[in-house]
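Coordinates as given in final-v2.pdb (PDB, C-alpha atoms):
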```
ATOM      1  CA  GLN A  96      76.192  32.839 -50.063  1.00  0.00           C
ATOM      2  CA  VAL A  97      77.272  29.559 -51.599  1.00  0.00           C
ATOM      3  CA  GLN A  98      78.668  27.007 -49.194  1.00  0.00           C
ATOM      4  CA  LEU A  99      79.890  23.453 -49.618  1.00  0.00           C
ATOM      5  CA  VAL A 100      80.972  21.934 -46.321  1.00  0.00           C
ATOM      6  CA  GLU A 101      82.634  18.536 -46.337  1.00  0.00           C
ATOM      7  CA  SER A 102      82.824  16.238 -43.340  1.00  0.00           C
ATOM      8  CA  GLY A 103      83.686  12.646 -42.517  1.00  0.00           C
ATOM      9  CA  GLY A 104      87.391  12.590 -43.248  1.00  0.00           C
ATOM     10  CA  ASP A 105      89.505  10.617 -40.793  1.00  0.00           C
ATOM     11  CA  LEU A 106      92.466   8.322 -40.271  1.00  0.00           C
ATOM     12  CA  VAL A 107      91.506   4.766 -41.205  1.00  0.00           C
ATOM     13  CA  GLN A 108      93.377   1.497 -41.583  1.00  0.00           C
ATOM     14  CA  PRO A 109      93.778  -0.171 -44.980  1.00  0.00           C
ATOM     15  CA  GLY A 110      90.671  -2.163 -45.816  1.00  0.00           C
ATOM     16  CA  GLY A 111      88.469   0.138 -43.791  1.00  0.00           C
ATOM     17  CA  SER A 112      85.540   2.309 -44.785  1.00  0.00           C
ATOM     18  CA  LEU A 113      84.546   5.948 -44.530  1.00  0.00           C
ATOM     19  CA  ARG A 114      81.537   7.979 -45.569  1.00  0.00           C
ATOM     20  CA  LEU A 115      82.111  11.544 -46.651  1.00  0.00           C
ATOM     21  CA  SER A 116      79.307  14.089 -46.613  1.00  0.00           C
ATOM     22  CA  CYS A 117      78.944  17.468 -48.258  1.00  0.00           C
ATOM     23  CA  ALA A 118      76.319  19.932 -47.075  1.00  0.00           C
ATOM     24  CA  ALA A 119      75.311  22.440 -49.747  1.00  0.00           C
ATOM     25  CA  SER A 120      73.601  25.798 -49.351  1.00  0.00           C
ATOM     26  CA  GLY A 121      73.158  29.095 -51.168  1.00  0.00           C
ATOM     27  CA  PHE A 122      72.297  27.676 -54.589  1.00  0.00           C
ATOM     28  CA  THR A 123      69.737  25.389 -56.215  1.00  0.00           C
ATOM     29  CA  PHE A 124      71.375  22.094 -55.351  1.00  0.00           C
ATOM     30  CA  SER A 125      69.015  19.943 -57.438  1.00  0.00           C
ATOM     31  CA  SER A 126      70.029  21.820 -60.615  1.00  0.00           C
ATOM     32  CA  PHE A 127      73.745  21.168 -60.286  1.00  0.00           C
ATOM     33  CA  GLY A 128      75.850  18.186 -61.162  1.00  0.00           C
ATOM     34  CA  MET A 129      78.004  17.237 -58.198  1.00  0.00           C
ATOM     35  CA  GLY A 130      81.327  15.555 -57.804  1.00  0.00           C
ATOM     36  CA  TRP A 131      84.045  14.461 -55.438  1.00  0.00           C
ATOM     37  CA  TYR A 132      87.642  15.293 -56.254  1.00  0.00           C
ATOM     38  CA  ARG A 133      90.811  14.535 -54.361  1.00  0.00           C
ATOM     39  CA  GLN A 134      94.316  15.902 -54.196  1.00  0.00           C
ATOM     40  CA  SER A 135      97.277  14.185 -52.607  1.00  0.00           C
ATOM     41  CA  ALA A 136     100.664  15.688 -51.870  1.00  0.00           C
ATOM     42  CA  GLY A 137     102.536  16.632 -55.006  1.00  0.00           C
ATOM     43  CA  LYS A 138      99.729  15.637 -57.349  1.00  0.00           C
ATOM     44  CA  GLU A 139      97.056  17.458 -59.282  1.00  0.00           C
ATOM     45  CA  ARG A 140      93.456  17.421 -58.176  1.00  0.00           C
ATOM     46  CA  GLU A 141      91.632  14.510 -59.780  1.00  0.00           C
ATOM     47  CA  LEU A 142      88.004  13.498 -60.241  1.00  0.00           C
ATOM     48  CA  VAL A 143      86.939  10.636 -58.000  1.00  0.00           C
ATOM     49  CA  ALA A 144      83.229  10.388 -58.793  1.00  0.00           C
ATOM     50  CA  ASP A 145      80.502  12.462 -60.378  1.00  0.00           C
ATOM     51  CA  ILE A 146      76.704  12.410 -60.246  1.00  0.00           C
ATOM     52  CA  SER A 147      74.099  14.117 -62.396  1.00  0.00           C
ATOM     53  CA  ALA A 148      71.689  16.695 -61.026  1.00  0.00           C
ATOM     54  CA  ASN A 149      68.842  14.207 -60.733  1.00  0.00           C
ATOM     55  CA  GLY A 150      71.113  11.441 -59.441  1.00  0.00           C
ATOM     56  CA  TRP A 151      70.360   9.076 -62.313  1.00  0.00           C
ATOM     57  CA  ARG A 152      73.870   9.014 -63.787  1.00  0.00           C
ATOM     58  CA  THR A 153      77.133   8.431 -61.995  1.00  0.00           C
ATOM     59  CA  ARG A 154      80.681   7.835 -63.080  1.00  0.00           C
ATOM     60  CA  ASN A 155      83.734   6.784 -61.124  1.00  0.00           C
ATOM     61  CA  ALA A 156      87.443   7.064 -61.714  1.00  0.00           C
ATOM     62  CA  ASP A 157      88.936   3.717 -62.700  1.00  0.00           C
ATOM     63  CA  SER A 158      90.955   3.656 -59.492  1.00  0.00           C
ATOM     64  CA  VAL A 159      87.829   3.567 -57.301  1.00  0.00           C
ATOM     65  CA  VAL A 160      85.418   1.461 -59.344  1.00  0.00           C
ATOM     66  CA  GLY A 161      83.866  -1.235 -57.159  1.00  0.00           C
ATOM     67  CA  ARG A 162      85.026   0.486 -53.982  1.00  0.00           C
ATOM     68  CA  PHE A 163      83.481   3.976 -53.876  1.00  0.00           C
ATOM     69  CA  THR A 164      79.847   4.991 -54.364  1.00  0.00           C
ATOM     70  CA  ILE A 165      78.624   8.534 -54.893  1.00  0.00           C
ATOM     71  CA  SER A 166      75.065   9.482 -53.990  1.00  0.00           C
ATOM     72  CA  ARG A 167      72.969  12.558 -53.291  1.00  0.00           C
ATOM     73  CA  ASP A 168      69.817  13.574 -51.463  1.00  0.00           C
ATOM     74  CA  ASN A 169      68.176  16.488 -53.248  1.00  0.00           C
ATOM     75  CA  ASP A 170      65.621  16.877 -50.448  1.00  0.00           C
ATOM     76  CA  LYS A 171      68.403  17.526 -47.943  1.00  0.00           C
ATOM     77  CA  ASP A 172      70.909  19.251 -50.262  1.00  0.00           C
ATOM     78  CA  MET A 173      73.500  16.635 -49.382  1.00  0.00           C
ATOM     79  CA  LEU A 174      76.178  14.785 -51.333  1.00  0.00           C
ATOM     80  CA  TYR A 175      77.833  11.597 -50.117  1.00  0.00           C
ATOM     81  CA  LEU A 176      80.780   9.380 -50.934  1.00  0.00           C
ATOM     82  CA  GLN A 177      80.832   5.890 -49.470  1.00  0.00           C
ATOM     83  CA  MET A 178      84.391   4.607 -49.542  1.00  0.00           C
ATOM     84  CA  ASN A 179      85.094   0.929 -48.923  1.00  0.00           C
ATOM     85  CA  SER A 180      88.232  -1.208 -49.130  1.00  0.00           C
ATOM     86  CA  LEU A 181      90.401   1.840 -48.639  1.00  0.00           C
ATOM     87  CA  ILE A 182      94.054   1.635 -49.627  1.00  0.00           C
ATOM     88  CA  PRO A 183      96.971   3.943 -48.771  1.00  0.00           C
ATOM     89  CA  GLU A 184      96.800   5.427 -52.277  1.00  0.00           C
ATOM     90  CA  ASP A 185      93.392   6.872 -51.367  1.00  0.00           C
ATOM     91  CA  THR A 186      95.083   9.221 -48.902  1.00  0.00           C
ATOM     92  CA  ALA A 187      94.244  12.765 -49.980  1.00  0.00           C
ATOM     93  CA  VAL A 188      92.193  15.844 -49.294  1.00  0.00           C
ATOM     94  CA  TYR A 189      88.720  15.215 -50.698  1.00  0.00           C
ATOM     95  CA  TYR A 190      86.768  18.134 -52.159  1.00  0.00           C
ATOM     96  CA  CYS A 191      83.106  18.529 -52.936  1.00  0.00           C
ATOM     97  CA  ASN A 192      82.296  20.219 -56.259  1.00  0.00           C
ATOM     98  CA  ALA A 193      79.102  21.658 -57.731  1.00  0.00           C
ATOM     99  CA  HIS A 194      78.967  22.398 -61.436  1.00  0.00           C
ATOM    100  CA  TRP A 195      76.437  23.813 -63.896  1.00  0.00           C
ATOM    101  CA  GLY A 196      77.579  25.120 -67.245  1.00  0.00           C
ATOM    102  CA  SER A 197      80.688  27.199 -66.594  1.00  0.00           C
ATOM    103  CA  THR A 198      79.848  27.662 -62.922  1.00  0.00           C
ATOM    104  CA  ASN A 199      81.894  25.722 -60.391  1.00  0.00           C
ATOM    105  CA  TYR A 200      81.740  25.817 -56.614  1.00  0.00           C
ATOM    106  CA  TRP A 201      84.232  24.124 -54.298  1.00  0.00           C
ATOM    107  CA  GLY A 202      84.316  23.145 -50.685  1.00  0.00           C
ATOM    108  CA  GLN A 203      87.289  23.522 -48.373  1.00  0.00           C
ATOM    109  CA  GLY A 204      88.097  19.818 -48.328  1.00  0.00           C
ATOM    110  CA  THR A 205      88.335  17.036 -45.771  1.00  0.00           C
ATOM    111  CA  GLN A 206      91.433  14.959 -45.090  1.00  0.00           C
ATOM    112  CA  VAL A 207      91.343  11.201 -45.574  1.00  0.00           C
ATOM    113  CA  THR A 208      94.387   9.265 -44.419  1.00  0.00           C
ATOM    114  CA  VAL A 209      94.697   5.523 -44.963  1.00  0.00           C
ATOM    115  CA  SER A 210      97.489   4.086 -42.893  1.00  0.00           C
ATOM    116  CA  SER A 211      98.232   1.283 -40.482  1.00  0.00           C
TER     117      SER A 211
END
```
What is this file in structure tokens?
Amino acid sequence: QVQLVESGGDLVQPGGSLRLSCAASGFTFSSFGMGWYRQSAGKERELVADISANGWRTRNADSVVGRFTISRDNDKDMLYLQMNSLIPEDTAVYYCNAHWGSTNYWGQGTQVTVSS
């Protein structure tokens, strides 16, 4: 049974930091590209950051370049998103995604709220 379980979402003040985690199970984690997506109220889900199966290649959305860092630990089947210099526009539900070919798995999401 495939599971992606996100954690780490919270209420944080502007300028603060959070680290999101995604625990994967039920599939060969090291064979899948992984990504973080987010969806805020009234908007479509958007890619935040993506990382290749071996972790050598990453890409970030323009809106988070220089602030967010995606990483993975293939020994622990874990995906991370370090978020620094958070702004209110980062408020959203953040989803973990696993992809390989046409196969996509999604987590349930974790809420991040940036507000003073």
Pick out the closest residue to Val97 (chain A) from this set: A:Met129, A:Ala119, A:Leu113, A:Val209. Count all atoms listed in the file.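 Checking each of A:Met129, A:Ala119, A:Leu113, A:Val209 against Val97 (chain A), counting all atoms listed in the file, the winner is A:Ala119.
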Ground truth for the PyMOL selection byres ((chain A and resi 145-150) around 8), written as a list in words: Phe124, Ser125, Ser126, Phe127, Gly128, Met129, Gly130, Trp131, Leu142, Val143, Ala144, Trp151, Arg152, Thr153, Arg154, Asn155, Ile165, Ser166, Arg167 and Asn169 of chain A
Output for the residues just chosen: C-alpha atoms as a PDB file, in the coordinates of the input:
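Final output, saved to selection.pdb:
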```pdb
ATOM      1  CA  PHE A 124      71.375  22.094 -55.351  1.00  0.00           C
ATOM      2  CA  SER A 125      69.015  19.943 -57.438  1.00  0.00           C
ATOM      3  CA  SER A 126      70.029  21.820 -60.615  1.00  0.00           C
ATOM      4  CA  PHE A 127      73.745  21.168 -60.286  1.00  0.00           C
ATOM      5  CA  GLY A 128      75.850  18.186 -61.162  1.00  0.00           C
ATOM      6  CA  MET A 129      78.004  17.237 -58.198  1.00  0.00           C
ATOM      7  CA  GLY A 130      81.327  15.555 -57.804  1.00  0.00           C
ATOM      8  CA  TRP A 131      84.045  14.461 -55.438  1.00  0.00           C
ATOM      9  CA  LEU A 142      88.004  13.498 -60.241  1.00  0.00           C
ATOM     10  CA  VAL A 143      86.939  10.636 -58.000  1.00  0.00           C
ATOM     11  CA  ALA A 144      83.229  10.388 -58.793  1.00  0.00           C
ATOM     12  CA  TRP A 151      70.360   9.076 -62.313  1.00  0.00           C
ATOM     13  CA  ARG A 152      73.870   9.014 -63.787  1.00  0.00           C
ATOM     14  CA  THR A 153      77.133   8.431 -61.995  1.00  0.00           C
ATOM     15  CA  ARG A 154      80.681   7.835 -63.080  1.00  0.00           C
ATOM     16  CA  ASN A 155      83.734   6.784 -61.124  1.00  0.00           C
ATOM     17  CA  ILE A 165      78.624   8.534 -54.893  1.00  0.00           C
ATOM     18  CA  SER A 166      75.065   9.482 -53.990  1.00  0.00           C
ATOM     19  CA  ARG A 167      72.969  12.558 -53.291  1.00  0.00           C
ATOM     20  CA  ASN A 169      68.176  16.488 -53.248  1.00  0.00           C
TER      21      ASN A 169
END
```
Considering all atoms listed in the file, return as a PyMOL selection string whatever protein or nucleic-acid residues lie within 12 Å of Glu139 (chain A), sequence-local ones (same chain, fewer than 4 positions apart) excluded. chain A and resi 132-135+187-188
Residue with smallest distance to Arg162 (chain A) - pool A:Glu141, A:Leu115, A:Thr186, A:Gly110, counting only C-alpha atoms: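 Once distances to Arg162 (chain A) are computed over only C-alpha atoms, the minimum belongs to A:Gly110.
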How big is the axis-aligned box around all listed atoms of region 115-121 of chain A once 8 Å goes on each side, and where's its centre, in Å to one decimal, as AutoDock Vina command-line options?
```
--center_x 77.6 --center_y 20.3 --center_z -48.9 --size_x 25.0 --size_y 33.6 --size_z 20.6
```
Contacts of Gly202 (chain A) at 10 Å (all atoms listed in the file; same-chain gap of 5+ positions) as a list of chain:residue names: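 Residues near the query, excluding close chain neighbours: A:Val97, A:Gln98, A:Leu99, A:Val100, A:Glu101, A:Cys117, A:Ala118, A:Ala119, A:Trp131, A:Tyr189, A:Tyr190, A:Cys191, A:Asn192, A:Ala193.
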Shell of 10 Å around Val159 (chain A), only C-alpha atoms, local chain residues under 4 positions omitted, as a PyMOL selection string: chain A and resi 143-144+155+163-164+178-181+185
Measure the distance from CA of Asp105 (chain A) to CA of Asn199 (chain A) in Å and round it to one decimal. 25.9 Å
Compare A:Ser120, A:Val160, A:Pro109, A:Leu176 by their minimum atom-to-atom distance to Trp201 (chain A), counting all atoms listed in the file, and give me the closest one.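 Closest candidate: A:Ser120.
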Looking at A:Gln96, A:Ser102, A:Gln177, A:Ser211, which one is nearest to Arg114 (chain A), with distances taken over all atoms listed in the file?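 So, comparing all the options, the nearest one is A:Gln177.
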Rounded to one decimal, what separation in Å do you get between CA of Thr208 (chain A) and CA of Pro183 (chain A)?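 Between CA of Thr208 (chain A) and CA of Pro183 (chain A) the gap is 7.3 Å.
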Closest of A:Asp157, A:Thr198, A:Ile182, A:Met173 to Ser112 (chain A), counting only C-alpha atoms, is A:Ile182
